[in-house]
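> Quick one, structure_33.txt (compact mmCIF, C-alpha atoms):
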# COMPACT_ATOMS: atom_id res chain seq x y z
CA MET C 1 -23.63 1.97 4.10
CA LYS C 2 -21.84 -1.24 3.14
CA SER C 3 -18.39 -2.06 4.46
CA ALA C 4 -15.48 -0.33 2.76
CA VAL C 5 -13.61 -1.83 -0.12
CA ILE C 6 -9.96 -2.06 0.91
CA PHE C 7 -7.05 -1.56 -1.48
CA TRP C 8 -3.73 -2.70 0.05
CA CYS C 9 -0.88 -1.15 -1.95
CA SER C 10 2.48 -2.88 -1.57
CA GLY C 11 5.85 -2.17 -3.14
CA LEU C 12 9.29 -0.87 -2.34
CA SER C 13 9.96 2.59 -0.94
CA GLY C 14 9.59 5.18 -3.69
CA ALA C 15 7.42 3.02 -5.96
CA GLY C 16 4.55 5.53 -5.79
CA LYS C 17 2.15 3.87 -3.34
CA THR C 18 1.46 6.95 -1.23
CA SER C 19 1.42 9.37 -4.16
CA PHE C 20 -1.11 7.23 -6.03
CA ALA C 21 -3.18 6.70 -2.86
CA ASN C 22 -3.35 10.43 -2.12
CA LEU C 23 -4.28 11.29 -5.71
CA ALA C 24 -6.99 8.60 -5.76
CA GLU C 25 -8.29 9.83 -2.39
CA LYS C 26 -8.59 13.39 -3.70
CA ARG C 27 -10.41 12.33 -6.87
CA LEU C 28 -12.72 9.83 -5.14
CA LYS C 29 -13.68 12.40 -2.49
CA ALA C 30 -14.39 14.93 -5.26
CA ASP C 31 -16.83 12.35 -6.63
CA GLY C 32 -18.59 12.17 -3.26
CA LEU C 33 -17.10 8.99 -1.79
CA SER C 34 -15.87 8.67 1.78
CA VAL C 35 -12.22 7.61 1.67
CA LEU C 36 -9.58 6.83 4.28
CA VAL C 37 -5.89 6.50 3.48
CA VAL C 38 -4.02 4.47 6.13
CA ASP C 39 -0.38 5.28 5.39
CA GLY C 40 2.11 2.76 6.77
CA ASP C 41 4.67 5.45 7.63
CA LYS C 42 2.10 7.53 9.53
CA VAL C 43 0.84 4.52 11.46
CA ARG C 44 4.41 3.60 12.38
CA ALA C 45 5.10 7.15 13.61
CA SER C 46 1.86 7.40 15.60
CA TYR C 47 2.76 4.80 18.22
CA LYS C 48 4.87 5.40 21.28
CA ASP C 49 6.99 2.29 20.73
CA GLN C 50 9.11 3.10 17.71
CA LEU C 51 9.35 0.06 15.50
CA GLY C 52 12.33 -0.74 13.35
CA PHE C 53 12.31 -2.29 9.90
CA GLY C 54 13.24 -5.86 10.76
CA ARG C 55 10.74 -8.57 9.87
CA GLY C 56 9.17 -8.73 13.35
CA ASP C 57 8.61 -4.98 13.56
CA VAL C 58 7.31 -4.80 9.99
CA GLU C 59 4.85 -7.60 10.76
CA LYS C 60 3.71 -5.78 13.92
CA ASN C 61 3.16 -2.52 12.00
CA ASN C 62 1.22 -4.35 9.26
CA MET C 63 -1.02 -5.99 11.88
CA ARG C 64 -1.66 -2.57 13.44
CA ILE C 65 -2.79 -1.38 10.03
CA VAL C 66 -5.07 -4.41 9.67
CA ALA C 67 -6.66 -3.53 13.03
CA ILE C 68 -7.22 0.07 11.89
CA CYS C 69 -8.87 -1.18 8.69
CA GLU C 70 -11.13 -3.50 10.68
CA ALA C 71 -12.10 -0.70 13.07
CA GLU C 72 -12.76 1.86 10.33
CA ARG C 73 -14.33 -0.37 7.70
CA GLU C 74 -17.92 0.59 8.59
CA ASN C 75 -17.11 4.32 8.53
CA PHE C 76 -15.84 4.61 4.96
CA GLN C 77 -16.65 3.42 1.47
CA VAL C 78 -13.02 3.07 0.41
CA ILE C 79 -9.85 2.43 2.41
CA ILE C 80 -6.50 2.69 0.64
CA VAL C 81 -3.40 1.38 2.42
CA PRO C 82 0.01 2.37 1.03
CA VAL C 83 2.57 0.27 2.92
CA ILE C 84 5.69 -1.63 1.84
CA SER C 85 4.30 -4.88 3.25
CA PRO C 86 7.28 -7.04 2.22
CA ILE C 87 6.36 -10.36 3.85
CA GLU C 88 4.23 -12.79 1.82
CA GLU C 89 2.89 -14.62 4.91
CA VAL C 90 1.71 -11.32 6.38
CA ARG C 91 0.04 -10.35 3.11
CA LYS C 92 -1.80 -13.71 3.08
CA ALA C 93 -2.92 -13.21 6.70
CA THR C 94 -3.99 -9.65 5.87
CA ARG C 95 -6.14 -10.82 2.97
CA LYS C 96 -7.74 -13.53 5.12
CA LYS C 97 -8.63 -11.03 7.88
CA LEU C 98 -9.92 -8.28 5.58
CA GLU C 99 -11.87 -10.21 2.94
CA PRO C 100 -14.34 -9.81 1.34
CA PHE C 101 -13.79 -6.77 -0.84
CA PHE C 102 -10.08 -6.71 -0.19
CA TYR C 103 -7.68 -6.15 -3.09
CA PHE C 104 -3.93 -6.43 -3.13
CA ILE C 105 -2.18 -4.04 -5.51
CA TYR C 106 1.51 -4.44 -6.28
CA PHE C 107 3.48 -1.33 -7.21
CA SER C 108 6.36 -2.74 -9.22
CA CYS C 109 9.41 -0.60 -9.94
CA ASP C 110 12.99 -1.44 -10.85
CA ILE C 111 15.76 -0.48 -8.44
CA ASP C 112 17.42 1.99 -10.85
CA SER C 113 14.18 3.99 -11.12
CA LEU C 114 13.68 3.87 -7.35
CA LYS C 115 17.23 5.11 -6.78
CA SER C 116 16.82 7.95 -9.28
CA ARG C 117 13.55 9.02 -7.63
CA ASP C 118 14.49 8.35 -4.00
CA PRO C 119 12.04 10.87 -2.45
CA LYS C 120 13.11 10.04 1.11
CA GLY C 121 16.82 9.67 0.31
CA LEU C 122 16.77 6.10 1.63
CA TYR C 123 18.64 4.44 -1.22
CA LYS C 124 21.41 7.05 -1.07
CA LYS C 125 21.66 6.54 2.70
CA ALA C 126 21.79 2.77 2.21
CA ASP C 127 24.54 3.15 -0.40
CA ASN C 128 26.47 5.40 2.02
CA GLY C 129 26.10 2.91 4.87
CA GLU C 130 23.84 5.21 6.90
CA ILE C 131 20.95 2.71 6.69
CA VAL C 132 21.48 -0.99 7.16
CA GLY C 133 18.82 -3.42 6.02
CA LEU C 134 16.73 -1.23 3.71
CA ILE C 135 13.72 -3.37 2.80
CA GLY C 136 14.08 -4.92 -0.63
CA TYR C 137 17.47 -3.32 -1.23
CA SER C 138 19.57 -5.07 1.35
CA ALA C 139 20.17 -8.81 1.06
CA SER C 140 19.51 -9.07 4.81
CA ASN C 141 15.99 -7.64 4.53
CA PRO C 142 14.28 -8.87 1.35
CA TYR C 143 10.95 -7.95 -0.18
CA ASP C 144 9.12 -11.21 -0.87
CA ALA C 145 7.85 -11.23 -4.43
CA PRO C 146 4.04 -11.03 -4.29
CA MET C 147 2.37 -14.29 -5.26
CA ASN C 148 -1.33 -13.43 -5.26
CA VAL C 149 -2.00 -9.90 -6.48
CA ASP C 150 -5.24 -8.50 -7.82
CA PHE C 151 -3.64 -5.70 -9.81
CA THR C 152 -0.08 -4.71 -10.72
CA ILE C 153 1.14 -1.23 -11.59
CA ASP C 154 4.64 -0.79 -13.00
CA THR C 155 5.85 2.66 -12.02
CA SER C 156 9.37 2.31 -13.44
CA SER C 157 8.73 4.71 -16.33
CA SER C 158 8.04 8.31 -15.38
CA ALA C 159 6.42 8.78 -18.79
CA MET C 160 3.74 6.21 -17.87
CA LEU C 161 2.83 7.55 -14.41
CA ASP C 162 -0.30 9.41 -15.54
CA ALA C 163 -1.60 6.35 -17.41
CA SER C 164 -0.75 4.18 -14.38
CA ALA C 165 -2.66 6.53 -12.06
CA LYS C 166 -5.70 6.32 -14.34
CA ALA C 167 -5.45 2.51 -14.45
CA PHE C 168 -5.22 2.41 -10.64
CA GLU C 169 -8.31 4.59 -10.27
CA GLY C 170 -10.15 2.57 -12.91
CA PHE C 171 -9.44 -0.61 -10.95
CA ILE C 172 -10.70 1.03 -7.75
CA TRP C 173 -13.92 2.16 -9.45
CA ARG C 174 -14.59 -1.31 -10.90
CA LYS C 175 -14.22 -2.91 -7.49
CA ILE C 176 -16.36 -0.28 -5.76
CA ILE C 177 -19.15 -0.93 -8.26
CA GLU C 178 -18.74 -4.74 -7.96
CA ALA C 179 -19.03 -4.41 -4.17
CA GLY C 180 -22.30 -2.50 -4.53
CA ILE C 181 -20.94 0.58 -2.77
CA ILE C 182 -22.36 2.65 -5.62
CA SER C 183 -24.32 1.70 -8.70
Turn the structure described in the file into structure tokens.

Amino acid sequence: MKSAVIFWCSGLSGAGKTSFANLAEKRLKADGLSVLVVDGDKVRASYKDQLGFGRGDVEKNNMRIVAICEAERENFQVIIVPVISPIEEVRKATRKKLEPFFYFIYFSCDIDSLKSRDPKGLYKKADNGEIVGLIGYSASNPYDAPMNVDFTIDTSSSAMLDASAKAFEGFIWRKIIEAGIIS
């Protein structure tokens, strides 16, 4: 088996990264592919030292995810990584370590849509002062605009989510075929 194709999905909390990753995983597995989803939240929770959401801790969590991808790359055909990944320098380092067959996907979504969705209640908590420094929402903890993406999905419109999911999966399939994972 060839090394896995890695799809690193970045975007603000609530933009749909994990939902799209889990849906793609289910469909790809149904088509007979071996798939691993490395969820940033699950990786963060799996370590004894609980990291915060400041830039240093976010970088450390992202580098843990990179190490997992490196260790698991020979065991899967596809690895999908839904993680906020807000720091451009870290995204550049991630790409350098995980190439070839690494693709950066940006899940774009406007703040109003994120706040209306708010599956984890983070934006409401930030507005109520219960969370300080919410990534990409607080001026003290920005999300660096991605500069070198391979694919962008705008999830602002709920009406377009099904079409966006199909576009995401279509992109994954094209890259799997280009990598020679399947013919």
> How many Å lie between atom CA of Gly133 of chain C and atom CA of Gly56 of chain C, rounded to one decimal?
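Atom CA of Gly133 of chain C sits 13.2 Å away from atom CA of Gly56 of chain C.
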> Given 8 Å of margin on each side, can you work out the centre and size in Å (one decimal) of an axis-aligned box holding every listed atom of segment 153-163 of chain C, as AutoDock Vina command-line options?

--center_x 3.9 --center_y 4.1 --center_z -15.2 --size_x 27.0 --size_y 26.6 --size_z 23.2
> Hey, what's within 12 Å of segment 113-118 of chain C if we count only C-alpha atoms and toss same-chain stuff fewer than 2 positions away? As a compact mmCIF listing (two decimals) with C-alpha atoms, in the coordinates of the input, please?

# COMPACT_ATOMS: atom_id res chain seq x y z
CA GLY C 11 5.85 -2.17 -3.14
CA LEU C 12 9.29 -0.87 -2.34
CA SER C 13 9.96 2.59 -0.94
CA GLY C 14 9.59 5.18 -3.69
CA ALA C 15 7.42 3.02 -5.96
CA GLY C 16 4.55 5.53 -5.79
CA PHE C 107 3.48 -1.33 -7.21
CA SER C 108 6.36 -2.74 -9.22
CA CYS C 109 9.41 -0.60 -9.94
CA ASP C 110 12.99 -1.44 -10.85
CA ILE C 111 15.76 -0.48 -8.44
CA LYS C 120 13.11 10.04 1.11
CA GLY C 121 16.82 9.67 0.31
CA LEU C 122 16.77 6.10 1.63
CA TYR C 123 18.64 4.44 -1.22
CA LYS C 124 21.41 7.05 -1.07
CA LYS C 125 21.66 6.54 2.70
CA ALA C 126 21.79 2.77 2.21
CA ASP C 127 24.54 3.15 -0.40
CA GLY C 136 14.08 -4.92 -0.63
CA TYR C 137 17.47 -3.32 -1.23
CA ASP C 154 4.64 -0.79 -13.00
CA THR C 155 5.85 2.66 -12.02
CA SER C 156 9.37 2.31 -13.44
CA SER C 157 8.73 4.71 -16.33
CA SER C 158 8.04 8.31 -15.38
CA ALA C 159 6.42 8.78 -18.79
> Which residues are close to segment 27-31 of chain C, i.e. within 12 Å by all atoms listed in the file, leaving aside same-chain residues fewer than 2 positions away? Reply as a PDB file with C-alpha atoms, keeping the file's coordinate frame.

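Result saved to result-v7.pdb:
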ATOM      1  CA  PHE C  20      -1.110   7.230  -6.030  1.00  0.00           C
ATOM      2  CA  ALA C  21      -3.180   6.700  -2.860  1.00  0.00           C
ATOM      3  CA  ASN C  22      -3.350  10.430  -2.120  1.00  0.00           C
ATOM      4  CA  LEU C  23      -4.280  11.290  -5.710  1.00  0.00           C
ATOM      5  CA  ALA C  24      -6.990   8.600  -5.760  1.00  0.00           C
ATOM      6  CA  GLU C  25      -8.290   9.830  -2.390  1.00  0.00           C
ATOM      7  CA  LEU C  33     -17.100   8.990  -1.790  1.00  0.00           C
ATOM      8  CA  SER C  34     -15.870   8.670   1.780  1.00  0.00           C
ATOM      9  CA  VAL C  35     -12.220   7.610   1.670  1.00  0.00           C
ATOM     10  CA  LEU C  36      -9.580   6.830   4.280  1.00  0.00           C
ATOM     11  CA  VAL C  37      -5.890   6.500   3.480  1.00  0.00           C
ATOM     12  CA  PHE C  76     -15.840   4.610   4.960  1.00  0.00           C
ATOM     13  CA  GLN C  77     -16.650   3.420   1.470  1.00  0.00           C
ATOM     14  CA  VAL C  78     -13.020   3.070   0.410  1.00  0.00           C
ATOM     15  CA  ILE C  79      -9.850   2.430   2.410  1.00  0.00           C
ATOM     16  CA  ILE C  80      -6.500   2.690   0.640  1.00  0.00           C
ATOM     17  CA  ALA C 165      -2.660   6.530 -12.060  1.00  0.00           C
ATOM     18  CA  LYS C 166      -5.700   6.320 -14.340  1.00  0.00           C
ATOM     19  CA  PHE C 168      -5.220   2.410 -10.640  1.00  0.00           C
ATOM     20  CA  GLU C 169      -8.310   4.590 -10.270  1.00  0.00           C
ATOM     21  CA  GLY C 170     -10.150   2.570 -12.910  1.00  0.00           C
ATOM     22  CA  ILE C 172     -10.700   1.030  -7.750  1.00  0.00           C
ATOM     23  CA  TRP C 173     -13.920   2.160  -9.450  1.00  0.00           C
ATOM     24  CA  ILE C 176     -16.360  -0.280  -5.760  1.00  0.00           C
ATOM     25  CA  ILE C 182     -22.360   2.650  -5.620  1.00  0.00           C
TER      26      ILE C 182
END
> What separation in Å, quoted to one decimal, exists between atom CA of Arg55 of chain C and atom CA of Glu130 of chain C?
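Separating atom CA of Arg55 of chain C from atom CA of Glu130 of chain C is a distance of 19.2 Å.
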